[in-house]
>>> print(open('final-v2.pdb').read())   # PDB, C-alpha atoms
ATOM      1  CA  MET A   1      36.316  52.678 152.395  1.00  0.00           C
ATOM      2  CA  GLU A   2      39.528  53.560 154.248  1.00  0.00           C
ATOM      3  CA  LYS A   3      37.565  54.780 157.280  1.00  0.00           C
ATOM      4  CA  PHE A   4      35.622  51.495 157.360  1.00  0.00           C
ATOM      5  CA  LEU A   5      38.870  49.521 157.354  1.00  0.00           C
ATOM      6  CA  GLU A   6      40.242  51.658 160.171  1.00  0.00           C
ATOM      7  CA  ASN A   7      37.098  51.045 162.242  1.00  0.00           C
ATOM      8  CA  ASP A   8      37.193  47.326 161.459  1.00  0.00           C
ATOM      9  CA  ALA A   9      40.819  47.094 162.587  1.00  0.00           C
ATOM     10  CA  PHE A  10      39.987  49.037 165.755  1.00  0.00           C
ATOM     11  CA  PHE A  11      37.066  46.770 166.653  1.00  0.00           C
ATOM     12  CA  THR A  12      39.102  43.668 165.877  1.00  0.00           C
ATOM     13  CA  GLY A  13      41.832  44.953 168.196  1.00  0.00           C
ATOM     14  CA  VAL A  14      39.331  45.649 170.967  1.00  0.00           C
ATOM     15  CA  ALA A  15      37.776  42.187 170.599  1.00  0.00           C
ATOM     16  CA  LEU A  16      41.201  40.533 170.665  1.00  0.00           C
ATOM     17  CA  GLY A  17      42.233  42.552 173.724  1.00  0.00           C
ATOM     18  CA  LEU A  18      39.070  41.522 175.573  1.00  0.00           C
ATOM     19  CA  PHE A  19      39.619  37.892 174.626  1.00  0.00           C
ATOM     20  CA  LEU A  20      43.208  37.940 175.893  1.00  0.00           C
ATOM     21  CA  TYR A  21      42.159  39.613 179.129  1.00  0.00           C
ATOM     22  CA  GLN A  22      39.394  37.037 179.598  1.00  0.00           C
ATOM     23  CA  GLN A  23      41.907  34.231 179.129  1.00  0.00           C
ATOM     24  CA  LYS A  24      44.152  35.795 181.788  1.00  0.00           C
ATOM     25  CA  VAL A  25      41.261  35.914 184.266  1.00  0.00           C
ATOM     26  CA  VAL A  26      40.232  32.313 183.542  1.00  0.00           C
ATOM     27  CA  ALA A  27      43.817  31.048 183.814  1.00  0.00           C
ATOM     28  CA  ALA A  28      44.304  32.794 187.163  1.00  0.00           C
ATOM     29  CA  HIS A  29      41.094  31.271 188.474  1.00  0.00           C
ATOM     30  CA  ARG A  30      41.938  27.747 187.317  1.00  0.00           C
ATOM     31  CA  ALA A  31      45.401  27.977 188.870  1.00  0.00           C
ATOM     32  CA  ARG A  32      43.883  29.407 192.065  1.00  0.00           C
ATOM     33  CA  GLU A  33      46.298  32.296 191.809  1.00  0.00           C
ATOM     34  CA  PRO A  34      45.561  35.952 192.405  1.00  0.00           C
ATOM     35  CA  LEU A  35      44.727  38.208 189.525  1.00  0.00           C
ATOM     36  CA  ILE A  36      46.814  41.366 189.630  1.00  0.00           C
ATOM     37  CA  ILE A  37      45.414  44.449 187.913  1.00  0.00           C
ATOM     38  CA  GLY A  38      47.699  47.409 188.304  1.00  0.00           C
ATOM     39  CA  GLU A  39      48.677  47.250 191.958  1.00  0.00           C
ATOM     40  CA  ASP A  40      45.413  45.645 193.094  1.00  0.00           C
ATOM     41  CA  LEU A  41      45.212  41.953 193.932  1.00  0.00           C
ATOM     42  CA  TYR A  42      42.022  39.947 193.241  1.00  0.00           C
ATOM     43  CA  TYR A  43      41.069  36.373 194.033  1.00  0.00           C
ATOM     44  CA  LEU A  44      38.337  34.723 191.996  1.00  0.00           C
ATOM     45  CA  GLU A  45      36.058  31.993 193.229  1.00  0.00           C
ATOM     46  CA  THR A  46      32.944  30.208 192.071  1.00  0.00           C
ATOM     47  CA  GLY A  47      29.611  30.671 193.792  1.00  0.00           C
ATOM     48  CA  ARG A  48      30.002  27.215 195.312  1.00  0.00           C
ATOM     49  CA  GLU A  49      33.448  28.100 196.705  1.00  0.00           C
ATOM     50  CA  ARG A  50      32.103  31.346 198.155  1.00  0.00           C
ATOM     51  CA  LEU A  51      29.147  29.558 199.764  1.00  0.00           C
ATOM     52  CA  GLU A  52      31.454  26.903 201.249  1.00  0.00           C
ATOM     53  CA  ARG A  53      33.718  29.578 202.707  1.00  0.00           C
ATOM     54  CA  ALA A  54      30.763  31.484 204.150  1.00  0.00           C
ATOM     55  CA  ILE A  55      29.357  28.349 205.777  1.00  0.00           C
ATOM     56  CA  ASP A  56      32.781  27.472 207.205  1.00  0.00           C
ATOM     57  CA  GLU A  57      33.054  30.958 208.723  1.00  0.00           C
ATOM     58  CA  ILE A  58      29.564  30.768 210.217  1.00  0.00           C
ATOM     59  CA  CYS A  59      30.122  27.293 211.695  1.00  0.00           C
ATOM     60  CA  ARG A  60      33.360  28.241 213.472  1.00  0.00           C
TER      61      ARG A  60
END
>>> encode(input="final-v2.pdb", output="structure tokens")
Amino acid sequence: MEKFLENDAFFTGVALGLFLYQQKVVAAHRAREPLIIGEDLYYLETGRERLERAIDEICR
């Protein structure tokens, strides 16, 4: 039983960690701010935003 509880706590911790990380990604996207992972910088955009930017670049 103890091993089951240890596994359950581990999986709960992993699920919570993923949820918190997901919230960080969503918040960065909504604020239109970069997402920083380690020393790398990422910008997130929707498919519509990417298409708009691509069309703008082509039409220049």
>>> closest_residue(input="final-v2.pdb", among="A:Ala15, A:Ile55, A:Ala9, A:Leu41", to="Ala28 of chain A", atoms="all atoms listed in the file")
A:Leu41
>>> residues_around(input="final-v2.pdb", residues="Glu33 of chain A", least_positions_apart="5", cutoff="9 Å", atoms="all atoms listed in the file", output="list in words")
Ala27, Ala28, Tyr42, Tyr43 and Leu44 of chain A
>>> write_last_selection(input="final-v2.pdb", atoms="C-alpha atoms", output="compact mmCIF listing (two decimals), keeping the file's coordinate frame")
# COMPACT_ATOMS: atom_id res chain seq x y z
CA ALA A 27 43.82 31.05 183.81
CA ALA A 28 44.30 32.79 187.16
CA TYR A 42 42.02 39.95 193.24
CA TYR A 43 41.07 36.37 194.03
CA LEU A 44 38.34 34.72 192.00
>>> atom_distance(input="final-v2.pdb", atom1="atom CA of Glu6 of chain A", atom2="atom CA of Val25 of chain A")
28.8 Å
>>> atom_distance(input="final-v2.pdb", atom1="atom CA of Val26 of chain A", atom2="atom CA of Arg48 of chain A")
16.4 Å
>>> atom_distance(input="final-v2.pdb", atom1="atom CA of Arg50 of chain A", atom2="atom CA of Pro34 of chain A")
15.3 Å
>>> closest_residue(input="final-v2.pdb", among="A:Cys59, A:Arg53, A:Leu35, A:Asn7", to="Gln23 of chain A", atoms="all atoms listed in the file")
A:Leu35
